[in-house]
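Everything below concerns the one structure shown next.
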Amino acid sequence: MSARITCAALSGMIALLATAAAAADAGPPRTAFVTLGTMGGPVPDGHRSQPANAIVRDGKTYLVDTGDGAVGQMARAGLPLPGVRAIFLSHLHVDHIGGLAAILGLRNQTEARDVLTIYGPPGTRELVAGLVASLQPSAKAGYGIPGKPWTPPEKTVAVIELQDGDTVRVDDMTVKAAQNTHYDFAPGSIEDHSYKSFALRFDLPDRSIAYTGDTGPSEAVERLASGVDLLVSEMIDMDATMDRVARNSPNMPAAIKSVMVRHLSTHHLTPEDVGAMAARAKVKALAVTHIAGGTSDAGRTRAYAATIAKSFAGPVAIANDLDRF
């Protein structure tokens with residue numbers, strides 16, 4: 001994996017590499033976490049792809065969020081689309097699900113017959129039903145050969161909606177969901193029942209991985225991630241993000257800007273927050289993705305890692321697209 005680390009984290013990284021070297025006689029690791037897209041937020045910058053990740057194990061791929069461009073990033077990572085066994089959606093903001101239409105449509109166009117299961121928060125059935133409906137004209141036309149039957153798109157996809165605390169078993173992997181703080185809806189309200197954002201934990205035979213999804217500080221996420229081998233966390237650079245907002249929407253009304261500031265500052269994690277969360281959860285290693293604020297230069301990357309290292313002593317990587325952990 002390509003990583004930027006601080007001197008403070010260097011000893012931890014060396015220890016991690018030494019452990020990996022000691023295990024080398026047993027063969028290459030069976031499980032990898034691939035950051036297909038590490039962009040944070042809905043405004044593309046041309047350097048990082050939209051949020052998408054893959055857990056790769058024994059030739060099988062499990063997608064974790066599917067931002068715009070996910071299929072292309074899979075190809076760059078050498079992950080064939082037919083190898084996708086399941087998809088996990090942390091929440092339904094479009095920057096995290098924009099590539100799902102391509103995944104479903106291209107599977108249908110290449111005549112995939114197996115059922116792909118999508119796990120996600122409430123609303124996932126409605127989302128997938130809409131995408132499937134949009135595929136009908138293409139599927140019915142097929143390749144334009146009269147009389148040739150085509151697999152109905154709805155026959156090749158299934159949806160399982162998750163609730164806070166749910167645990168599911170997928171192949172040899174156990175997956176647990178925990179509601180995070182990306183939304184402020186009052187507990188028990190209609191909005192809270194209808195719209196949820198999850199962090200996800202993946203326990204495999206050889207390692208454990210926690211993915212924060214989009215979240216602000218959250219004790220529930222810390223409990224979910226307790227002791228994992230790898231924590232994959234979102235992160236926001238508030239100053240850089242607001243600069244990008246100003247450039248993208250220079251005439252944004254003050255009231256809308258105020259709502260934006262509230263969202264960015266309470267529903268996301270600063271570098272200080274990321275370090276504190278990793279330390280309290282006692283994770284073994286940390287990878288930072290969903291980097292809100294645009295592509296960071298080397299100086300900013302070092303600053304992020306240095307800030308995180310003030311709280312977290314383990315190895316830290318500021319992820320790029322297509323990194324493997």
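The way I read the labels, and the way they are meant: chains A, B, ... in the order of the structure tokens, residue 1 as the first residue of every chain, and ligand 1 as the first ligand shown, with later ones counted on from there.
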
Long-range neighbours of Thr156 of chain A as a PyMOL selection string, 7 Å cut-off, only C-alpha atoms, 3 positions minimum in chain:
chain A and resi 113-116+153

Export of the given selection (C-alpha atoms) as a PDB file, in the first residue's frame:
```
ATOM      1  CA  ARG A 113     -27.475 -14.712 -14.149  1.00  0.00           C
ATOM      2  CA  ASP A 114     -26.458 -15.045 -10.496  1.00  0.00           C
ATOM      3  CA  VAL A 115     -28.250 -12.975  -7.860  1.00  0.00           C
ATOM      4  CA  LEU A 116     -26.246 -10.080  -6.413  1.00  0.00           C
ATOM      5  CA  PRO A 153     -32.858  -7.125 -14.296  1.00  0.00           C
TER       6      PRO A 153
END
```

Please report as JSON lines every residue of segment 108-133 of chain A lying within 12 Å of segment 184-201 of chain A, along with the nearest atom pair and their distance in Å (one decimal), using only C-alpha atoms.
```
{"residue": "A:Tyr119", "atom": "CA", "partner": "A:Leu200", "partner_atom": "CA", "distance": 10.9}
{"residue": "A:Gly120", "atom": "CA", "partner": "A:Phe198", "partner_atom": "CA", "distance": 8.4}
{"residue": "A:Pro121", "atom": "CA", "partner": "A:Lys196", "partner_atom": "CA", "distance": 5.8}
{"residue": "A:Pro122", "atom": "CA", "partner": "A:Ser194", "partner_atom": "CA", "distance": 5.8}
{"residue": "A:Gly123", "atom": "CA", "partner": "A:Ser194", "partner_atom": "CA", "distance": 7.0}
{"residue": "A:Thr124", "atom": "CA", "partner": "A:Tyr195", "partner_atom": "CA", "distance": 9.9}
{"residue": "A:Arg125", "atom": "CA", "partner": "A:Ser194", "partner_atom": "CA", "distance": 11.9}
{"residue": "A:Glu126", "atom": "CA", "partner": "A:Ser194", "partner_atom": "CA", "distance": 11.4}
```

May I have the selected residues written with N, CA and C atoms, as a short mmCIF file (atom, residue, chain, number, x, y, z; two decimals), in the first residue's frame?
```
data_model
loop_
_atom_site.label_atom_id
_atom_site.label_comp_id
_atom_site.auth_asym_id
_atom_site.auth_seq_id
_atom_site.Cartn_x
_atom_site.Cartn_y
_atom_site.Cartn_z
N TYR A 119 -26.75 -5.05 0.56
CA TYR A 119 -27.09 -4.78 1.95
C TYR A 119 -26.98 -3.27 2.17
N GLY A 120 -27.97 -2.68 2.80
CA GLY A 120 -27.91 -1.25 3.02
C GLY A 120 -28.92 -0.79 4.04
N PRO A 121 -28.96 0.50 4.29
CA PRO A 121 -29.89 1.07 5.28
C PRO A 121 -31.31 1.12 4.74
N PRO A 122 -32.28 1.50 5.57
CA PRO A 122 -33.64 1.70 5.07
C PRO A 122 -33.62 2.64 3.85
N GLY A 123 -34.43 2.30 2.87
CA GLY A 123 -34.44 3.06 1.62
C GLY A 123 -33.71 2.36 0.49
N THR A 124 -32.92 1.33 0.81
CA THR A 124 -32.16 0.64 -0.22
C THR A 124 -33.08 -0.07 -1.21
N ARG A 125 -34.18 -0.66 -0.73
CA ARG A 125 -35.12 -1.32 -1.65
C ARG A 125 -35.69 -0.32 -2.64
N GLU A 126 -36.06 0.86 -2.14
CA GLU A 126 -36.62 1.89 -3.03
C GLU A 126 -35.58 2.32 -4.05
#
```

Please provide as JSON, numbers by chain all residues within 8 Å of Gln73 of chain A, with the sequence filter that same-chain residues fewer than 2 positions apart are discarded (counting only C-alpha atoms).
{"A": [36, 37, 49, 69, 70, 71, 75, 76, 77, 322]}

For Leu104 of chain A, find every residue with an atom within 12 Å (counting only C-alpha atoms), except residues of its own chain fewer than 5 positions away, and show them as a PyMOL selection string.
chain A and resi 66+70-71+81-82+84+86-87+97-99+109-118+128-136+138-139+152-158

Prev. selection, C-alpha atoms, output as a PDB file, in the first residue's frame:
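Heads up, here's the output in result-v7.pdb:
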```
ATOM      1  CA  THR A  66     -20.231   2.338  -4.887  1.00  0.00           C
ATOM      2  CA  ALA A  70     -16.648   2.377  -9.244  1.00  0.00           C
ATOM      3  CA  VAL A  71     -16.704  -0.023 -12.228  1.00  0.00           C
ATOM      4  CA  LEU A  81     -17.274  -7.219 -12.304  1.00  0.00           C
ATOM      5  CA  PRO A  82     -18.539 -10.850 -12.335  1.00  0.00           C
ATOM      6  CA  VAL A  84     -18.633  -9.193  -7.064  1.00  0.00           C
ATOM      7  CA  ALA A  86     -22.217  -8.697  -2.485  1.00  0.00           C
ATOM      8  CA  ILE A  87     -22.481  -4.947  -2.013  1.00  0.00           C
ATOM      9  CA  ILE A  97     -24.096   5.107  -4.554  1.00  0.00           C
ATOM     10  CA  GLY A  98     -23.706   6.886  -7.918  1.00  0.00           C
ATOM     11  CA  GLY A  99     -21.907   3.911  -9.487  1.00  0.00           C
ATOM     12  CA  GLN A 109     -25.816  -6.276 -20.320  1.00  0.00           C
ATOM     13  CA  THR A 110     -23.159  -8.977 -19.951  1.00  0.00           C
ATOM     14  CA  GLU A 111     -25.920 -11.464 -19.063  1.00  0.00           C
ATOM     15  CA  ALA A 112     -24.974 -12.177 -15.467  1.00  0.00           C
ATOM     16  CA  ARG A 113     -27.475 -14.712 -14.149  1.00  0.00           C
ATOM     17  CA  ASP A 114     -26.458 -15.045 -10.496  1.00  0.00           C
ATOM     18  CA  VAL A 115     -28.250 -12.975  -7.860  1.00  0.00           C
ATOM     19  CA  LEU A 116     -26.246 -10.080  -6.413  1.00  0.00           C
ATOM     20  CA  THR A 117     -27.297  -9.159  -2.864  1.00  0.00           C
ATOM     21  CA  ILE A 118     -27.151  -5.530  -1.785  1.00  0.00           C
ATOM     22  CA  VAL A 128     -32.652  -0.459  -6.195  1.00  0.00           C
ATOM     23  CA  ALA A 129     -36.224  -0.709  -7.459  1.00  0.00           C
ATOM     24  CA  GLY A 130     -35.785   2.640  -9.181  1.00  0.00           C
ATOM     25  CA  LEU A 131     -32.508   1.594 -10.753  1.00  0.00           C
ATOM     26  CA  VAL A 132     -33.978  -1.701 -11.932  1.00  0.00           C
ATOM     27  CA  ALA A 133     -36.944   0.138 -13.456  1.00  0.00           C
ATOM     28  CA  SER A 134     -34.559   2.401 -15.361  1.00  0.00           C
ATOM     29  CA  LEU A 135     -32.886  -0.664 -16.923  1.00  0.00           C
ATOM     30  CA  GLN A 136     -36.053  -2.042 -18.529  1.00  0.00           C
ATOM     31  CA  SER A 138     -32.111  -1.592 -22.360  1.00  0.00           C
ATOM     32  CA  ALA A 139     -32.892  -5.105 -21.115  1.00  0.00           C
ATOM     33  CA  PRO A 152     -35.091  -9.395 -16.433  1.00  0.00           C
ATOM     34  CA  PRO A 153     -32.858  -7.125 -14.296  1.00  0.00           C
ATOM     35  CA  GLU A 154     -35.014  -7.653 -11.212  1.00  0.00           C
ATOM     36  CA  LYS A 155     -34.238 -11.377 -11.286  1.00  0.00           C
ATOM     37  CA  THR A 156     -30.517 -10.810 -10.680  1.00  0.00           C
ATOM     38  CA  VAL A 157     -30.568  -8.545  -7.628  1.00  0.00           C
ATOM     39  CA  ALA A 158     -31.787  -8.909  -4.050  1.00  0.00           C
TER      40      ALA A 158
END
```

Might you pull out every residue within 12 Å of His263 of chain A, with only C-alpha atoms counted and same-chain residues fewer than 2 positions away left off, and present them as a ChimeraX atom specification?
/A:41,181-184,214-216,236,238,241-242,256-261,265-269

So that I have them on file, write out the residues from the current selection with C-alpha atoms, as a compact mmCIF listing (two decimals), in the first residue's frame.
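So the final result, stored in selection_5.txt, reads:
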```
# COMPACT_ATOMS: atom_id res chain seq x y z
CA GLY A 41 -18.01 14.84 -0.85
CA THR A 181 -23.73 10.32 13.56
CA HIS A 182 -23.87 11.40 9.92
CA TYR A 183 -27.50 12.40 10.49
CA ASP A 184 -28.97 14.42 13.37
CA ASP A 214 -19.55 9.06 6.79
CA THR A 215 -19.81 10.00 10.45
CA GLY A 216 -19.06 12.56 13.09
CA ILE A 236 -12.54 16.21 6.57
CA MET A 238 -12.78 21.99 7.07
CA THR A 241 -13.57 22.03 2.07
CA MET A 242 -15.11 25.46 2.62
CA ILE A 256 -27.56 27.58 2.98
CA LYS A 257 -23.91 28.14 3.82
CA SER A 258 -24.77 28.02 7.52
CA VAL A 259 -26.48 24.65 7.08
CA MET A 260 -23.46 23.42 5.11
CA VAL A 261 -21.07 24.44 7.89
CA SER A 265 -18.50 20.24 11.24
CA THR A 266 -20.81 17.81 13.08
CA HIS A 267 -21.33 14.97 10.60
CA HIS A 268 -17.69 14.37 9.66
CA LEU A 269 -14.37 13.71 11.40
```

Run DSSP on the backbone and grab whatever in segment 91-295 of chain A lands in strand (DSSP E or B); send it over as a compact mmCIF listing (two decimals) with N, CA and C atoms, in the first residue's frame.
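So selection.txt came out as:
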```txt
# COMPACT_ATOMS: atom_id res chain seq x y z
N LEU A 116 -27.14 -10.93 -7.19
CA LEU A 116 -26.25 -10.08 -6.41
C LEU A 116 -27.04 -9.47 -5.26
N THR A 117 -26.59 -9.69 -4.03
CA THR A 117 -27.30 -9.16 -2.86
C THR A 117 -26.69 -7.83 -2.44
N ILE A 118 -27.56 -6.86 -2.23
CA ILE A 118 -27.15 -5.53 -1.79
C ILE A 118 -27.67 -5.33 -0.37
N TYR A 119 -26.75 -5.05 0.56
CA TYR A 119 -27.09 -4.78 1.95
C TYR A 119 -26.98 -3.27 2.17
N GLY A 120 -27.97 -2.68 2.80
CA GLY A 120 -27.91 -1.25 3.02
C GLY A 120 -28.92 -0.79 4.04
N VAL A 157 -30.97 -9.37 -8.76
CA VAL A 157 -30.57 -8.54 -7.63
C VAL A 157 -31.54 -8.76 -6.47
N ALA A 158 -30.98 -8.81 -5.26
CA ALA A 158 -31.79 -8.91 -4.05
C ALA A 158 -31.31 -7.84 -3.08
N VAL A 159 -32.21 -7.40 -2.20
CA VAL A 159 -31.89 -6.35 -1.24
C VAL A 159 -32.21 -6.83 0.17
N ILE A 160 -31.27 -6.59 1.07
CA ILE A 160 -31.51 -6.82 2.50
C ILE A 160 -31.24 -5.51 3.22
N GLU A 161 -32.29 -4.93 3.81
CA GLU A 161 -32.13 -3.68 4.54
C GLU A 161 -31.72 -3.98 5.98
N THR A 167 -26.46 -8.05 12.41
CA THR A 167 -25.30 -8.83 12.00
C THR A 167 -25.74 -9.81 10.92
N VAL A 168 -24.97 -9.89 9.84
CA VAL A 168 -25.27 -10.83 8.76
C VAL A 168 -24.03 -11.65 8.46
N ARG A 169 -24.25 -12.84 7.95
CA ARG A 169 -23.16 -13.74 7.56
C ARG A 169 -23.15 -13.83 6.04
N VAL A 170 -22.02 -13.51 5.43
CA VAL A 170 -21.87 -13.57 3.98
C VAL A 170 -20.62 -14.39 3.69
N MET A 173 -17.59 -14.45 6.11
CA MET A 173 -17.41 -13.12 6.69
C MET A 173 -18.66 -12.75 7.51
N THR A 174 -18.42 -12.21 8.71
CA THR A 174 -19.50 -11.69 9.54
C THR A 174 -19.48 -10.17 9.46
N VAL A 175 -20.62 -9.58 9.19
CA VAL A 175 -20.72 -8.13 9.00
C VAL A 175 -21.72 -7.57 10.00
N LYS A 176 -21.29 -6.54 10.73
CA LYS A 176 -22.17 -5.90 11.71
C LYS A 176 -22.30 -4.42 11.39
N ALA A 177 -23.52 -3.90 11.53
CA ALA A 177 -23.81 -2.48 11.27
C ALA A 177 -24.06 -1.74 12.56
N ALA A 178 -23.57 -0.51 12.64
CA ALA A 178 -23.84 0.37 13.78
C ALA A 178 -24.22 1.75 13.26
N GLN A 179 -25.30 2.29 13.75
CA GLN A 179 -25.73 3.61 13.31
C GLN A 179 -24.74 4.65 13.81
N PHE A 198 -24.69 4.09 8.39
CA PHE A 198 -24.05 3.04 9.16
C PHE A 198 -22.53 3.06 9.04
N ALA A 199 -21.88 2.67 10.12
CA ALA A 199 -20.51 2.17 10.06
C ALA A 199 -20.62 0.64 10.01
N LEU A 200 -19.62 0.00 9.43
CA LEU A 200 -19.69 -1.45 9.20
C LEU A 200 -18.41 -2.12 9.70
N ARG A 201 -18.58 -3.28 10.31
CA ARG A 201 -17.44 -4.07 10.73
C ARG A 201 -17.47 -5.41 10.01
N PHE A 202 -16.32 -5.80 9.47
CA PHE A 202 -16.17 -7.04 8.73
C PHE A 202 -15.18 -7.94 9.47
N ASP A 203 -15.67 -9.04 9.99
CA ASP A 203 -14.82 -10.01 10.67
C ASP A 203 -14.62 -11.21 9.76
N SER A 208 -9.79 -8.45 10.89
CA SER A 208 -11.01 -7.69 11.13
C SER A 208 -10.82 -6.27 10.61
N ILE A 209 -11.87 -5.74 9.97
CA ILE A 209 -11.81 -4.41 9.35
C ILE A 209 -13.06 -3.65 9.73
N ALA A 210 -12.90 -2.40 10.18
CA ALA A 210 -14.04 -1.53 10.44
C ALA A 210 -14.00 -0.36 9.49
N TYR A 211 -15.15 0.01 8.99
CA TYR A 211 -15.30 1.12 8.03
C TYR A 211 -16.28 2.12 8.64
N LEU A 230 -7.71 -3.29 11.23
CA LEU A 230 -7.65 -2.11 10.37
C LEU A 230 -8.92 -1.29 10.53
N LEU A 231 -8.76 -0.01 10.83
CA LEU A 231 -9.87 0.94 10.82
C LEU A 231 -9.73 1.80 9.57
N VAL A 232 -10.77 1.83 8.75
CA VAL A 232 -10.81 2.69 7.56
C VAL A 232 -11.75 3.83 7.89
N SER A 233 -11.19 5.03 8.00
CA SER A 233 -11.96 6.16 8.50
C SER A 233 -12.06 7.29 7.48
N GLU A 234 -13.20 7.93 7.47
CA GLU A 234 -13.35 9.16 6.72
C GLU A 234 -12.60 10.29 7.41
N MET A 235 -12.41 11.42 6.72
CA MET A 235 -11.76 12.58 7.34
C MET A 235 -12.09 13.83 6.53
N ILE A 236 -12.26 14.95 7.23
CA ILE A 236 -12.54 16.21 6.57
C ILE A 236 -11.51 17.27 6.94
N LEU A 286 -4.54 2.19 10.91
CA LEU A 286 -5.53 3.16 10.46
C LEU A 286 -5.26 3.56 9.02
N ALA A 287 -6.31 3.52 8.20
CA ALA A 287 -6.24 4.04 6.83
C ALA A 287 -7.30 5.13 6.70
N VAL A 288 -6.91 6.29 6.20
CA VAL A 288 -7.82 7.43 6.08
C VAL A 288 -8.25 7.57 4.63
N THR A 289 -9.57 7.60 4.41
CA THR A 289 -10.12 7.76 3.07
C THR A 289 -11.25 8.78 3.12
N HIS A 290 -12.01 8.91 2.00
CA HIS A 290 -13.10 9.90 1.95
C HIS A 290 -12.55 11.24 2.43
N ILE A 291 -11.50 11.70 1.77
CA ILE A 291 -10.77 12.89 2.23
C ILE A 291 -11.46 14.13 1.69
N ALA A 292 -12.31 14.74 2.51
CA ALA A 292 -13.05 15.93 2.10
C ALA A 292 -12.14 17.15 2.15
```

Can you check which residues of segment 41-216 of chain A DSSP gives as alpha helix (DSSP H) on the backbone and send them as number ranges by chain?
A: 70-76, 94-97, 100-109, 124-134, 136-141, 190-194
